[in-house]
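Participant: Coordinates in my_file.txt, compact mmCIF, C-alpha atoms and all ligand atoms, are listed below.
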# COMPACT_ATOMS: atom_id res chain seq x y z
CA MET A 1 -26.57 53.41 -9.61
CA THR A 2 -29.77 53.77 -7.60
CA GLN A 3 -28.23 56.44 -5.41
CA ILE A 4 -27.07 58.41 -8.45
CA LYS A 5 -30.56 58.21 -9.94
CA GLU A 6 -32.09 59.42 -6.66
CA GLU A 7 -29.69 62.31 -6.07
CA ARG A 8 -29.23 63.71 -9.54
CA SER A 9 -27.43 66.79 -8.28
CA LEU A 10 -24.44 64.67 -7.28
CA GLN A 11 -21.79 64.35 -9.96
CA VAL A 12 -19.68 61.71 -8.26
CA ILE A 13 -20.54 59.03 -5.74
CA ILE A 14 -17.85 57.06 -4.00
CA PHE A 15 -19.01 53.48 -3.76
CA ASN A 16 -17.94 51.91 -0.49
CA GLN A 17 -19.13 49.63 2.27
CA ARG A 18 -21.00 52.51 3.92
CA ILE A 19 -23.24 52.94 0.88
CA VAL A 20 -23.88 49.23 0.83
CA SER A 21 -24.94 49.20 4.50
CA LEU A 22 -27.11 52.27 3.98
CA ARG A 23 -28.86 50.62 1.04
CA ILE A 24 -29.41 47.43 3.02
CA ARG A 25 -30.88 49.38 5.93
CA ARG A 26 -33.07 51.41 3.59
CA ARG A 27 -34.42 48.24 2.02
CA ALA A 28 -35.12 46.80 5.48
CA ILE A 29 -36.97 50.00 6.48
CA ILE A 30 -39.06 49.88 3.29
CA SER A 31 -39.99 46.31 4.06
CA ALA A 32 -40.81 47.19 7.70
CA LEU A 33 -43.00 50.07 6.50
CA ARG A 34 -44.90 47.84 4.08
CA THR A 35 -45.50 45.29 6.83
CA ALA A 36 -46.59 47.99 9.30
CA ILE A 37 -49.17 49.35 6.89
CA THR A 38 -51.00 46.05 7.08
CA ASP A 39 -50.12 45.24 10.70
CA HIS A 40 -50.83 48.42 12.64
CA ASN A 41 -49.50 46.89 15.85
CA LEU A 42 -46.02 47.68 14.56
CA ILE A 43 -46.82 51.37 14.67
CA HIS A 44 -46.89 53.07 18.06
CA VAL A 45 -47.94 56.56 18.87
CA LEU A 46 -46.19 58.34 21.73
CA TYR A 47 -47.40 61.61 23.21
CA GLN A 48 -45.24 64.52 24.31
CA PRO A 49 -46.94 66.95 26.68
CA ILE A 50 -47.24 70.63 25.82
CA VAL A 51 -47.22 72.59 29.04
CA ASP A 52 -48.73 75.97 29.94
CA ALA A 53 -45.76 78.26 30.63
CA SER A 54 -47.62 80.06 33.40
CA ASP A 55 -48.50 77.13 35.66
CA ASN A 56 -46.69 73.99 34.40
CA ARG A 57 -49.98 72.23 33.69
CA ILE A 58 -50.31 70.04 30.63
CA MET A 59 -52.41 71.80 28.05
CA ALA A 60 -52.07 69.53 25.04
CA ALA A 61 -49.86 66.80 23.57
CA GLU A 62 -48.16 66.07 20.28
CA ALA A 63 -48.55 62.59 18.75
CA LEU A 64 -45.18 61.22 17.61
CA ILE A 65 -44.97 57.99 15.68
CA ARG A 66 -42.59 55.06 16.28
CA LEU A 67 -42.05 52.05 14.04
CA SER A 68 -41.12 48.70 15.56
CA ASP A 69 -39.53 45.96 13.58
CA PRO A 70 -38.40 42.55 14.89
CA HIS A 71 -35.02 42.91 13.15
CA LEU A 72 -34.39 46.64 13.22
CA GLY A 73 -35.83 47.34 16.67
CA GLN A 74 -37.45 50.75 17.06
CA VAL A 75 -36.86 53.02 14.08
CA SER A 76 -37.13 56.77 14.59
CA PRO A 77 -39.46 58.87 12.44
CA GLY A 78 -36.55 61.12 11.47
CA GLU A 79 -35.29 58.09 9.53
CA PHE A 80 -38.44 56.39 8.20
CA ILE A 81 -40.76 59.34 7.47
CA PRO A 82 -38.60 60.65 4.57
CA ILE A 83 -38.50 57.10 3.17
CA ALA A 84 -42.28 56.73 3.56
CA GLU A 85 -42.64 59.99 1.64
CA GLN A 86 -40.31 58.81 -1.13
CA ILE A 87 -42.01 55.46 -1.64
CA GLY A 88 -45.48 56.99 -1.47
CA VAL A 89 -46.89 55.42 1.71
CA ILE A 90 -46.91 58.53 3.91
CA ARG A 91 -50.67 59.02 3.53
CA GLU A 92 -51.30 55.52 4.85
CA ILE A 93 -49.04 56.36 7.79
CA THR A 94 -50.97 59.57 8.53
CA THR A 95 -54.24 57.63 8.35
CA ILE A 96 -52.97 55.11 10.91
CA VAL A 97 -51.79 57.85 13.29
CA VAL A 98 -55.08 59.76 12.98
CA SER A 99 -57.01 56.52 13.69
CA LYS A 100 -54.90 55.71 16.74
CA VAL A 101 -55.21 59.23 18.18
CA CYS A 102 -58.98 59.33 17.55
CA SER A 103 -59.38 55.91 19.12
CA PHE A 104 -57.41 57.06 22.18
CA LEU A 105 -59.56 60.18 22.56
CA SER A 106 -62.77 58.28 22.06
CA ARG A 107 -61.85 55.51 24.54
CA HIS A 108 -61.08 58.16 27.17
CA ALA A 109 -63.69 60.74 26.29
CA HIS A 110 -64.41 61.51 29.96
CA LEU A 111 -60.79 62.53 30.50
CA SER A 112 -60.15 64.32 27.25
CA ASP A 113 -61.88 67.41 28.61
CA ASN A 114 -58.64 67.96 30.50
CA LEU A 115 -56.75 68.24 27.25
CA SER A 116 -57.18 71.11 24.83
CA HIS A 117 -56.08 68.98 21.88
CA ILE A 118 -53.70 66.38 20.50
CA SER A 119 -51.64 67.59 17.58
CA ILE A 120 -50.73 65.31 14.70
CA ASN A 121 -47.97 65.86 12.14
CA ILE A 122 -49.32 65.56 8.64
CA SER A 123 -47.30 65.57 5.43
CA ALA A 124 -47.17 67.68 2.31
CA ALA A 125 -48.67 64.76 0.38
CA ASP A 126 -51.71 64.81 2.68
CA LEU A 127 -52.30 68.51 2.53
CA ALA A 128 -51.94 68.74 -1.24
CA SER A 129 -54.14 65.73 -2.00
CA VAL A 130 -57.74 65.85 -3.18
CA GLU A 131 -58.65 62.82 -1.08
CA MET A 132 -57.43 64.10 2.30
CA GLY A 133 -60.93 65.03 3.47
CA GLY A 134 -62.53 61.80 2.26
CA ARG A 135 -59.80 59.78 3.94
CA LEU A 136 -59.44 61.49 7.32
CA LEU A 137 -62.75 63.19 8.12
CA PRO A 138 -64.75 59.92 8.36
CA ILE A 139 -62.24 58.62 10.94
CA ILE A 140 -62.71 61.72 13.10
CA LYS A 141 -66.50 61.59 12.65
CA GLU A 142 -66.80 57.89 13.44
CA ALA A 143 -64.82 58.31 16.65
CA SER A 144 -67.49 60.79 17.81
CA ILE A 145 -64.88 63.09 19.29
CA GLU A 146 -64.96 66.83 19.51
CA PRO A 147 -63.21 67.85 16.21
CA SER A 148 -61.34 70.68 17.94
CA LYS A 149 -59.46 68.02 19.93
CA ILE A 150 -57.46 67.37 16.74
CA VAL A 151 -54.91 69.89 15.50
CA PHE A 152 -52.81 69.21 12.42
CA GLU A 153 -49.20 70.43 12.53
CA VAL A 154 -48.01 71.68 9.15
CA THR A 155 -44.81 73.37 8.04
CA GLU A 156 -44.49 76.35 5.75
CA SER A 157 -42.81 74.39 2.97
CA MET A 158 -46.01 72.32 2.73
CA LEU A 159 -48.15 75.36 2.03
CA VAL A 160 -46.48 76.41 -1.19
CA LYS A 161 -47.10 73.26 -3.21
CA ASN A 162 -50.53 73.09 -4.82
CA TYR A 163 -51.80 76.08 -2.84
CA GLN A 164 -55.36 75.89 -4.21
CA GLN A 165 -55.79 72.33 -2.95
CA VAL A 166 -54.12 73.21 0.35
CA LEU A 167 -56.68 75.96 0.78
CA LYS A 168 -59.57 73.60 -0.04
CA ASN A 169 -58.36 71.11 2.57
CA TRP A 170 -57.80 73.91 5.08
CA ASN A 171 -61.38 75.12 4.61
CA LEU A 172 -62.81 71.62 4.70
CA PHE A 173 -61.16 70.70 8.01
CA THR A 174 -61.48 74.06 9.76
CA GLY A 175 -65.13 74.13 8.63
CA TYR A 176 -65.62 70.88 10.55
CA GLY A 177 -63.75 72.21 13.61
CA VAL A 178 -60.30 70.68 13.17
CA HIS A 179 -57.53 73.28 13.54
CA PHE A 180 -54.09 73.66 12.02
CA MET A 181 -50.93 74.95 13.63
CA LEU A 182 -47.72 76.13 12.04
CA ASP A 183 -44.76 73.91 13.01
CA ASP A 184 -41.00 74.48 12.89
CA PHE A 185 -41.32 78.27 12.58
CA GLY A 186 -38.00 80.09 12.35
CA THR A 187 -36.17 77.56 10.19
CA GLY A 188 -34.92 78.06 6.65
CA TYR A 189 -38.39 78.26 5.16
CA SER A 190 -39.76 81.05 7.34
CA ASN A 191 -41.97 83.22 5.26
CA ILE A 192 -43.90 85.79 7.18
CA GLU A 193 -46.56 85.90 4.49
CA SER A 194 -47.98 82.51 5.48
CA LEU A 195 -48.77 83.92 8.93
CA ILE A 196 -50.98 86.50 7.32
CA THR A 197 -52.56 84.52 4.47
CA LEU A 198 -53.58 81.51 6.55
CA PRO A 199 -55.10 82.25 9.95
CA PHE A 200 -52.99 79.98 12.17
CA GLU A 201 -53.85 80.55 15.80
CA ILE A 202 -50.89 78.61 17.16
CA VAL A 203 -47.30 78.80 15.93
CA LYS A 204 -44.61 76.43 17.15
CA LEU A 205 -41.05 77.75 17.21
CA ASP A 206 -38.42 75.41 15.92
CA ARG A 207 -35.96 74.03 18.46
CA SER A 208 -33.13 75.94 16.76
CA VAL A 209 -34.81 79.26 17.66
CA VAL A 210 -35.09 78.39 21.34
CA THR A 211 -31.50 77.16 21.61
CA ASN A 212 -29.86 79.95 19.58
CA LYS A 213 -28.12 82.05 22.26
CA LYS A 214 -26.50 84.48 19.82
CA ASN A 215 -26.69 88.15 20.86
CA ASP A 216 -28.66 87.27 23.97
CA TYR A 217 -31.36 85.25 22.15
CA GLN A 218 -31.94 87.94 19.54
CA LEU A 219 -33.65 85.57 17.07
CA LEU A 220 -36.12 84.40 19.71
CA SER A 221 -36.75 87.99 20.71
CA LEU A 222 -37.46 89.11 17.12
CA ILE A 223 -39.71 86.18 16.31
CA THR A 224 -41.74 86.29 19.50
CA THR A 225 -42.24 90.06 19.14
CA LEU A 226 -43.58 89.51 15.64
CA LEU A 227 -45.86 86.64 16.67
CA ARG A 228 -47.25 88.50 19.66
CA ARG A 229 -48.00 91.52 17.43
CA LEU A 230 -50.02 89.13 15.26
CA ASP A 231 -51.82 87.75 18.34
CA LYS A 232 -50.54 84.21 17.84
CA GLN A 233 -50.34 81.63 20.59
CA ILE A 234 -46.68 80.62 20.76
CA VAL A 235 -45.31 77.15 21.57
CA ALA A 236 -41.58 76.69 22.13
CA GLU A 237 -40.26 73.27 21.19
CA GLY A 238 -37.00 71.65 22.33
CA VAL A 239 -36.96 73.21 25.78
CA GLU A 240 -34.35 71.10 27.53
CA THR A 241 -33.06 73.20 30.39
CA ARG A 242 -34.22 75.65 33.04
CA GLU A 243 -32.42 78.38 31.07
CA HIS A 244 -34.42 77.59 27.89
CA LEU A 245 -37.63 77.66 29.94
CA GLU A 246 -36.83 80.99 31.58
CA VAL A 247 -35.77 82.58 28.31
CA ALA A 248 -38.98 81.37 26.62
CA GLN A 249 -41.11 82.68 29.51
CA ARG A 250 -39.29 86.02 29.43
CA HIS A 251 -40.13 86.38 25.74
CA GLY A 252 -43.82 85.75 26.25
CA VAL A 253 -43.99 82.17 24.96
CA HIS A 254 -47.33 80.67 26.05
CA TYR A 255 -46.66 76.93 25.88
CA ILE A 256 -43.60 74.74 26.34
CA GLN A 257 -42.67 71.38 24.84
CA GLY A 258 -39.38 69.64 25.49
CA TYR A 259 -37.33 67.19 27.47
CA TYR A 260 -37.19 69.62 30.41
CA PHE A 261 -40.77 68.61 31.18
CA SER A 262 -40.99 65.25 29.46
CA ARG A 263 -39.88 63.11 26.59
CA PRO A 264 -42.62 61.58 24.43
CA VAL A 265 -44.46 59.01 26.60
CA ASP A 266 -46.87 56.14 26.00
CA GLU A 267 -50.68 56.29 26.32
CA GLU A 268 -50.61 55.00 29.90
CA GLN A 269 -48.39 57.82 31.13
CA LEU A 270 -50.45 60.45 29.33
CA LEU A 271 -53.58 58.93 30.84
CA ALA A 272 -52.05 59.01 34.31
CA TRP A 273 -51.48 62.74 33.89
CA MET A 274 -55.00 63.21 32.51
CA GLU A 275 -56.45 61.35 35.48
CA SER A 276 -54.50 63.40 37.97
CA SER A 277 -54.41 67.15 37.97
CA MET A 278 -52.44 67.48 34.70
CA CYS A 279 -49.54 68.93 36.66
CA ILE A 280 -46.13 67.84 35.57
CA VAL A 281 -42.93 67.93 37.54
CA PRO A 282 -39.81 68.68 35.47
CA THR A 283 -37.47 65.72 35.33
CA ALA A 284 -34.40 66.20 37.49
CA ARG A 285 -32.33 64.06 35.13
CA SER A 286 -29.94 65.60 32.67
CA PRO A 287 -31.77 66.22 29.37
CA ARG A 288 -29.40 63.91 27.54
CA THR A 289 -29.98 60.81 29.71
P1 LIG B 1 -41.11 67.45 14.96
O1 LIG B 1 -42.50 67.55 14.45
O2 LIG B 1 -40.28 68.70 14.96
O3 LIG B 1 -41.21 66.81 16.42
C1 LIG B 1 -40.38 67.15 17.49
C2 LIG B 1 -39.22 66.19 17.63
O4 LIG B 1 -38.34 66.70 18.61
C3 LIG B 1 -39.64 64.82 18.14
O5 LIG B 1 -38.71 63.88 17.60
C4 LIG B 1 -39.42 64.94 19.64
O6 LIG B 1 -39.23 63.71 20.29
C5 LIG B 1 -38.17 65.77 19.66
N1 LIG B 1 -38.03 66.54 20.89
C6 LIG B 1 -38.99 66.93 21.75
N2 LIG B 1 -38.48 67.63 22.78
C7 LIG B 1 -37.14 67.71 22.56
C8 LIG B 1 -36.05 68.30 23.29
O7 LIG B 1 -36.22 68.92 24.34
N3 LIG B 1 -34.82 68.15 22.74
C9 LIG B 1 -34.59 67.46 21.60
N4 LIG B 1 -33.34 67.33 21.16
N5 LIG B 1 -35.60 66.89 20.87
C10 LIG B 1 -36.85 67.02 21.36
P2 LIG B 1 -39.22 62.52 16.94
O8 LIG B 1 -40.36 61.95 17.73
O9 LIG B 1 -38.01 61.68 16.70
O10 LIG B 1 -39.82 63.01 15.55
C11 LIG B 1 -38.97 63.55 14.58
C12 LIG B 1 -39.76 64.11 13.44
O11 LIG B 1 -40.46 63.09 12.73
C13 LIG B 1 -40.86 65.09 13.89
O12 LIG B 1 -40.29 66.35 14.12
C14 LIG B 1 -41.79 65.07 12.69
O13 LIG B 1 -41.31 65.91 11.67
C15 LIG B 1 -41.66 63.62 12.23
N6 LIG B 1 -42.82 62.86 12.76
C16 LIG B 1 -43.02 62.29 13.97
N7 LIG B 1 -44.21 61.67 14.02
C17 LIG B 1 -44.81 61.86 12.81
C18 LIG B 1 -46.07 61.46 12.23
O14 LIG B 1 -46.95 60.84 12.85
N8 LIG B 1 -46.30 61.85 10.93
C19 LIG B 1 -45.38 62.58 10.22
N9 LIG B 1 -45.69 62.93 8.94
N10 LIG B 1 -44.20 62.97 10.72
C20 LIG B 1 -43.91 62.62 12.01
CA CA B 2 -44.32 68.63 14.98
CA CA B 3 -39.25 70.77 14.94
Could you write out this structure as structure tokens?

Facilitator:
Amino acid sequence: MTQIKEERSLQVIIFNQRIVSLRIRRRAIISALRTAITDHNLIHVLYQPIVDASDNRIMAAEALIRLSDPHLGQVSPGEFIPIAEQIGVIREITTIVVSKVCSFLSRHAHLSDNLSHISINISAADLASVEMGGRLLPIIKEASIEPSKIVFEVTESMLVKNYQQVLKNWNLFTGYGVHFMLDDFGTGYSNIESLITLPFEIVKLDRSVVTNKKNDYQLLSLITTLLRRLDKQIVAEGVETREHLEVAQRHGVHYIQGYYFSRPVDEEQLLAWMESSMCIVPTARSPRT
């Protein structure tokens, strides 16, 4: 009954053991999320390096959340973020991630000069809310970090809902020095208009664009031509192989993120790179190991 209420477009649902297990897991994830919101130790932030395509040096990193639960183990954000959005706790999650990233940058201020920024995924509920500034700006201010060290990753679908409020938040944060970048570009939502109406400096191509080999990477070629015409900095995500890297470089992509260079790593590993020369050696392992 709950599933039918949630997915009203479905006319028939076949009730079986699979649905029962899914509901049990969902309930466990909800409970883990509620616990994690009060016990922040259950939330970990990993960092995936974003590498300069011209010299393999780490330029920035993306913060990626992980949820640990004593019973469920580590739950991936692909599974718990949609649930956090549905039950209305996603803003608390964003707040925790922003706090952890700011704390990391402030504890290692002397090294953060090596890093252009750390990007953080925010949600539609953040961007469309009137309290986003009041909730997140004090955290950034109190950490005494350079605001430009924080970049919020947003997707196009998030820009269409409550556009006036989105614009207010955009102006509030960019006015303080925090930047936004457009994430997942080239997926179903791609709407060229948002590239022109909101002045994103950095655009991240969705993994599906980088891995789509059809007609000799025609999609990648079209999209990168467009973005370069608009003077955007381009990041390619999901670069897993030498071929992906070379194709991205050939099409003028500026920055690379993907398992070819590194999976998301913990603070210590990121720090080790920041302490050394920020050079990264591609992993020799197969991308799937
Ligand atoms: P995303 O923003 O598109 O992040 C990139 C995802 O691709 C990450 O998965 C990353 O680990 C994975 N990835 C990176 N390189 C490669 C590669 O070479 N190959 C493949 N196959 N995958 C690669 P992850 O960490 O599981 O995150 C999944 C999604 O969950 C993210 O997708 C993002 O939408 C969401 N997410 C993660 N952290 C947060 C957060 O703090 N807040 C919010 N609102 N969403 C988050
Ligand atoms: Ca992202
Ligand atoms: Ca993506």

Participant: Using all atoms listed in the file, what are the residues with an atom within 6 Å of ligand CA 2 (chain B), set out as a list in words?

Facilitator: Asn121, Glu153 and Asp183 of chain A

Participant: For Tyr255 in chain A, find every residue with an atom within 12 Å (counting all atoms listed in the file), except residues of its own chain fewer than 6 positions away, and show them as a list in words.

Facilitator: Pro49, Ile50, Val51, Asp52, Ala53, Ser54, Asp55, Asn56, Arg57, Ile58, Met59, Ala60, Ala61, Ile202, Val203, Lys204, Leu205, Lys232, Gln233, Ile234, Val235, Ala236, Glu237, Gly238, Val239, Leu245, Ala248, Gln249 and Phe261 of chain A

Participant: Have a look at A:Gly73, A:Pro264, A:Gly186, A:Gly88 and name the one nearest to ligand CA 3 (chain B); count all atoms listed in the file.

Facilitator: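 Answer, going by the shortest atom-to-atom distance: A:Gly186.
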
Participant: In Å, with one decimal, what is the gap from CA of Ile87 in chain A to CA of Tyr163 in chain A?

Facilitator: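 That distance, rounded to one decimal, is 22.9 Å.
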
Participant: What's the 10 Å shell around Leu33 in chain A, counting all atoms listed in the file, without same-chain residues fewer than 4 positions away, as a list in words?

Facilitator: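 Selected residues are Arg27, Ala28, Ile29, Ile37, Thr38, Asp39, Leu42, Ile43, Leu67, Ser68, Asp69, Phe80, Ile81, Ile83, Ala84, Ile87, Val89, Ile90 and Ile93 of chain A.
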
Participant: Rank A:Val151, A:Ile280, A:Ile120, A:Ala32 by their smallest atom-to-atom distance to ligand LIG 1 (chain B), using only C-alpha atoms and all ligand atoms, and report the top residue only.

Facilitator: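 Going through A:Val151, A:Ile280, A:Ile120, A:Ala32 one by one, the smallest distance to ligand LIG 1 (chain B) is for A:Ile120.
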
Participant: Pull the closest atom pair for each residue of chain A that gets at most 6 Å from ligand CA 3 (chain B), along with the distance in Å to one decimal, counting only C-alpha atoms and all ligand atoms, ordering rows by chain and then ascending residue number, as JSON lines.

Facilitator:
{"residue": "A:Asp184", "atom": "CA", "partner": "B:CA3", "partner_atom": "CA", "distance": 4.6}
{"residue": "A:Asp206", "atom": "CA", "partner": "B:CA3", "partner_atom": "CA", "distance": 4.8}
{"residue": "A:Arg207", "atom": "CA", "partner": "B:CA3", "partner_atom": "CA", "distance": 5.8}

Participant: Find the distance between CA of Asn191 in chain A and CA of Val160 in chain A and write it in Å to one decimal.

Facilitator: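 CA of Val160 in chain A lies 10.4 Å from CA of Asn191 in chain A.
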
Participant: My list of candidates is A:Gly133, A:Gly177, A:Pro282, A:Pro82. Which is closest to ligand LIG 1 (chain B) when distances are computed with all atoms listed in the file?

Facilitator: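 Among the listed residues, A:Pro82 lies closest to ligand LIG 1 (chain B).
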
Participant: Would you work out the distance separating CA of His44 in chain A from CA of Glu267 in chain A, expressed in Å to one decimal?

Facilitator: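 If I compute the distance from CA of His44 in chain A to CA of Glu267 in chain A, I get 9.6 Å.
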